[in-house]
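For reference, query.txt (compact mmCIF, C-alpha atoms):
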```txt
# COMPACT_ATOMS: atom_id res chain seq x y z
CA MET A 553 9.73 11.68 0.29
CA LEU A 554 10.06 10.42 -3.26
CA LEU A 555 13.39 10.89 -4.98
CA MET A 556 12.98 10.50 -8.72
CA SER A 557 15.30 11.81 -11.40
CA GLY A 558 16.61 14.59 -9.17
CA PHE A 559 13.17 15.81 -8.03
CA LEU A 560 12.04 15.46 -4.42
CA PHE A 561 8.40 14.81 -3.52
CA SER A 562 7.07 14.80 0.04
CA GLY A 563 5.91 11.60 1.67
CA PHE A 564 8.05 8.80 0.27
CA LYS A 565 11.18 8.04 -1.67
CA ARG A 566 12.28 5.39 -4.08
CA PHE A 567 15.43 3.31 -3.63
CA GLY A 568 17.31 1.28 -6.19
CA GLY A 569 20.26 3.13 -7.61
CA GLU A 570 20.05 5.31 -10.67
CA SER A 571 17.02 3.80 -12.37
CA ASP A 572 13.43 4.86 -11.77
CA SER A 573 12.44 1.21 -11.29
CA GLY A 574 13.24 1.41 -7.54
CA THR A 575 13.49 -1.77 -5.54
CA ALA A 576 11.91 -0.36 -2.37
CA LEU A 577 9.73 2.49 -1.23
CA GLU A 578 10.34 4.37 2.00
CA ILE A 579 7.29 5.97 3.63
CA VAL A 580 7.86 8.82 6.08
CA LEU A 581 5.04 8.18 8.56
CA SER A 582 4.79 11.77 9.82
CA ASP A 583 3.75 12.82 6.29
CA TYR A 584 0.62 10.63 6.52
CA PRO A 585 -1.53 11.49 9.56
CA GLU A 586 -3.98 8.78 8.46
CA LEU A 587 -1.36 6.24 9.59
CA SER A 588 -0.95 7.70 13.10
CA MET A 589 -3.80 5.63 14.59
CA ASP A 590 -4.54 1.90 14.60
CA GLY A 591 -7.02 1.12 11.81
CA GLY A 592 -5.94 4.14 9.77
CA TYR A 593 -5.13 3.63 6.10
CA LYS A 594 -3.75 5.48 3.10
CA VAL A 595 -3.85 4.74 -0.64
CA ILE A 596 -0.74 5.89 -2.49
CA LYS A 597 -1.06 5.81 -6.25
CA ASP A 598 1.44 5.36 -9.06
CA VAL A 599 4.45 3.99 -7.18
CA MET A 600 7.18 1.86 -8.73
CA ILE A 601 8.70 -1.07 -6.82
CA ASP A 602 10.99 -3.59 -8.55
CA GLY A 603 10.08 -2.11 -11.92
CA ILE A 604 6.35 -2.67 -11.41
CA GLU A 605 3.95 0.27 -11.15
CA ASP A 606 1.15 -0.16 -8.64
CA ASN A 607 -1.21 1.62 -6.27
CA LEU A 608 -0.70 0.68 -2.62
CA ILE A 609 -3.00 0.58 0.37
CA ILE A 610 -1.19 0.83 3.70
CA VAL A 611 -3.06 -0.10 6.91
CA ARG A 612 -1.77 0.48 10.41
CA GLN A 613 -2.76 -2.41 12.66
CA SER A 614 -0.55 -1.31 15.58
CA GLU A 615 2.47 0.92 16.16
CA LYS A 616 4.85 -1.73 14.79
CA ASN A 617 2.51 -3.67 12.49
CA TYR A 618 1.44 -2.46 9.04
CA VAL A 619 -0.19 -4.31 6.13
CA VAL A 620 0.62 -3.20 2.58
CA LEU A 621 -1.26 -4.57 -0.42
CA SER A 622 -1.90 -3.51 -3.97
CA SER A 623 -5.05 -1.39 -3.79
CA ILE A 624 -6.17 -2.38 -7.29
CA CYS A 625 -9.13 -4.77 -7.28
CA ARG A 626 -8.49 -7.69 -9.61
CA HIS A 627 -12.05 -7.58 -10.99
CA LYS A 628 -12.39 -4.14 -12.64
CA LYS A 629 -9.27 -2.30 -11.39
CA CYS A 630 -11.00 0.03 -8.88
CA ASN A 631 -9.08 1.08 -5.75
CA VAL A 632 -10.22 -0.83 -2.66
CA LYS A 633 -10.93 0.82 0.68
CA PHE A 634 -10.22 -0.57 4.15
CA ARG A 635 -13.09 -1.28 6.54
CA ASN A 636 -11.51 -1.45 9.99
CA SER A 637 -14.72 -2.66 11.69
CA LYS A 638 -14.75 -5.74 9.43
CA GLN A 639 -10.96 -6.05 8.96
CA LEU A 640 -11.60 -6.26 5.19
CA PHE A 641 -10.63 -4.46 2.01
CA VAL A 642 -13.76 -3.64 0.03
CA CYS A 643 -14.06 -2.69 -3.63
CA PRO A 644 -16.55 0.17 -4.00
CA CYS A 645 -17.30 -0.68 -7.65
CA HIS A 646 -18.70 -4.23 -7.48
CA GLY A 647 -18.37 -5.31 -3.85
CA SER A 648 -15.41 -7.68 -3.86
CA ASN A 649 -13.96 -8.23 -0.35
CA TYR A 650 -10.40 -9.23 0.57
CA ASP A 651 -8.89 -10.22 3.93
CA LEU A 652 -5.71 -8.79 5.47
CA GLU A 653 -3.61 -11.26 3.47
CA GLY A 654 -5.19 -10.08 0.21
CA SER A 655 -7.22 -13.27 -0.32
CA VAL A 656 -10.69 -13.01 -1.85
CA VAL A 657 -13.44 -13.38 0.76
CA LYS A 658 -16.33 -12.39 -1.54
CA GLY A 659 -16.39 -12.01 -5.33
CA PRO A 660 -16.88 -11.18 -8.12
CA SER A 661 -13.07 -10.92 -8.02
CA SER A 662 -11.34 -14.26 -8.36
CA GLY A 663 -7.75 -13.13 -7.77
CA PRO A 664 -5.96 -11.94 -4.62
CA LEU A 665 -4.46 -8.51 -3.98
CA PRO A 666 -0.64 -8.80 -4.10
CA LYS A 667 0.93 -8.30 -0.66
CA TYR A 668 4.13 -6.34 -0.02
CA LYS A 669 6.80 -6.84 2.65
CA VAL A 670 7.16 -4.11 5.25
CA GLU A 671 10.04 -3.16 7.54
CA VAL A 672 9.10 -0.76 10.33
CA ASN A 673 11.30 1.55 12.35
CA GLU A 674 10.13 4.41 14.53
CA THR A 675 9.43 6.91 11.73
CA ILE A 676 9.73 5.06 8.42
CA LEU A 677 8.16 2.12 6.56
CA LYS A 678 10.33 0.39 3.97
CA ILE A 679 8.17 -1.46 1.45
CA THR A 680 9.47 -4.16 -0.91
CA ARG A 681 7.99 -6.93 -3.06
```

Written form, structure tokens:
Amino acid sequence: MLLMSGFLFSGFKRFGGESDSGTALEIVLSDYPELSMDGGYKVIKDVMIDGIEDNLIIVRQSEKNYVVLSSICRHKKCNVKFRNSKQLFVCPCHGSNYDLEGSVVKGPSSGPLPKYKVEVNETILKITR
């Protein structure tokens, strides 16, 4: 769920006191069936963590292991997709590839995807910078 200025949105919620610049994002896993299986992924757009707006791509590697990166390709700002068979993030616009750490494997992008920290409990992911 997302808690923002008194409104509640399903799926995730923002933490960080009274400001909308939340310091963490909490993902309720049951709201995202894409994340119920290893290799599943979900792009969540327009989130705010530590005062920075971003789009996130969350990938489930195992029940207790998730990777969270910015989903915005550093070349032309398209949202990357995850290719489980190759264990790569691929930009559909111009073909840039990134590894699970966000590093460029194949250009034209020359910059990495920022990686986020993830804390996992049984039902919730807490995402921070």

Item to complete: Mind checking which residues fall within 12 Å of A:Val619, counting all atoms listed in the file, ignoring those fewer than 3 positions away in the same chain, and posting them as a ChimeraX atom specification?
Response: /A:587,590-595,608-616,622-623,634,639-641,651-654,665-672,677-680

Writer output for current selection, C-alpha atoms, as a PDB file, in the frame of the given file:
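Wrote selection-v4.pdb, looks like this:
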```pdb
ATOM      1  CA  LEU A 587      -1.360   6.240   9.590  1.00  0.00           C
ATOM      2  CA  ASP A 590      -4.540   1.900  14.600  1.00  0.00           C
ATOM      3  CA  GLY A 591      -7.020   1.120  11.810  1.00  0.00           C
ATOM      4  CA  GLY A 592      -5.940   4.140   9.770  1.00  0.00           C
ATOM      5  CA  TYR A 593      -5.130   3.630   6.100  1.00  0.00           C
ATOM      6  CA  LYS A 594      -3.750   5.480   3.100  1.00  0.00           C
ATOM      7  CA  VAL A 595      -3.850   4.740  -0.640  1.00  0.00           C
ATOM      8  CA  LEU A 608      -0.700   0.680  -2.620  1.00  0.00           C
ATOM      9  CA  ILE A 609      -3.000   0.580   0.370  1.00  0.00           C
ATOM     10  CA  ILE A 610      -1.190   0.830   3.700  1.00  0.00           C
ATOM     11  CA  VAL A 611      -3.060  -0.100   6.910  1.00  0.00           C
ATOM     12  CA  ARG A 612      -1.770   0.480  10.410  1.00  0.00           C
ATOM     13  CA  GLN A 613      -2.760  -2.410  12.660  1.00  0.00           C
ATOM     14  CA  SER A 614      -0.550  -1.310  15.580  1.00  0.00           C
ATOM     15  CA  GLU A 615       2.470   0.920  16.160  1.00  0.00           C
ATOM     16  CA  LYS A 616       4.850  -1.730  14.790  1.00  0.00           C
ATOM     17  CA  SER A 622      -1.900  -3.510  -3.970  1.00  0.00           C
ATOM     18  CA  SER A 623      -5.050  -1.390  -3.790  1.00  0.00           C
ATOM     19  CA  PHE A 634     -10.220  -0.570   4.150  1.00  0.00           C
ATOM     20  CA  GLN A 639     -10.960  -6.050   8.960  1.00  0.00           C
ATOM     21  CA  LEU A 640     -11.600  -6.260   5.190  1.00  0.00           C
ATOM     22  CA  PHE A 641     -10.630  -4.460   2.010  1.00  0.00           C
ATOM     23  CA  ASP A 651      -8.890 -10.220   3.930  1.00  0.00           C
ATOM     24  CA  LEU A 652      -5.710  -8.790   5.470  1.00  0.00           C
ATOM     25  CA  GLU A 653      -3.610 -11.260   3.470  1.00  0.00           C
ATOM     26  CA  GLY A 654      -5.190 -10.080   0.210  1.00  0.00           C
ATOM     27  CA  LEU A 665      -4.460  -8.510  -3.980  1.00  0.00           C
ATOM     28  CA  PRO A 666      -0.640  -8.800  -4.100  1.00  0.00           C
ATOM     29  CA  LYS A 667       0.930  -8.300  -0.660  1.00  0.00           C
ATOM     30  CA  TYR A 668       4.130  -6.340  -0.020  1.00  0.00           C
ATOM     31  CA  LYS A 669       6.800  -6.840   2.650  1.00  0.00           C
ATOM     32  CA  VAL A 670       7.160  -4.110   5.250  1.00  0.00           C
ATOM     33  CA  GLU A 671      10.040  -3.160   7.540  1.00  0.00           C
ATOM     34  CA  VAL A 672       9.100  -0.760  10.330  1.00  0.00           C
ATOM     35  CA  LEU A 677       8.160   2.120   6.560  1.00  0.00           C
ATOM     36  CA  LYS A 678      10.330   0.390   3.970  1.00  0.00           C
ATOM     37  CA  ILE A 679       8.170  -1.460   1.450  1.00  0.00           C
ATOM     38  CA  THR A 680       9.470  -4.160  -0.910  1.00  0.00           C
TER      39      THR A 680
END
```

Go ahead and compute the interatomic distance for atom CA of A:Ile624 and atom CA of A:Asp598, in Å to one decimal.
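Here the two named atoms are 11.0 Å from each other.
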
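Shortest atom-to-atom contact with A:Arg626 among A:Ser655, A:Thr575, A:Ser662, A:Asn607: A:Ser662, counting all atoms listed in the file.
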
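One distance worth recording is that between atom CA of A:Glu605 and atom CA of A:Val620, which is 14.5 Å.
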
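Interatomic distance, atom CA of A:Ser582 against atom CA of A:Leu621: 20.2 Å.
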
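Closest approach to A:Tyr618 from the set A:Asn673, A:Ser637, A:Ser648, A:Asn631 is made by A:Asn673, with distances taken over only C-alpha atoms.
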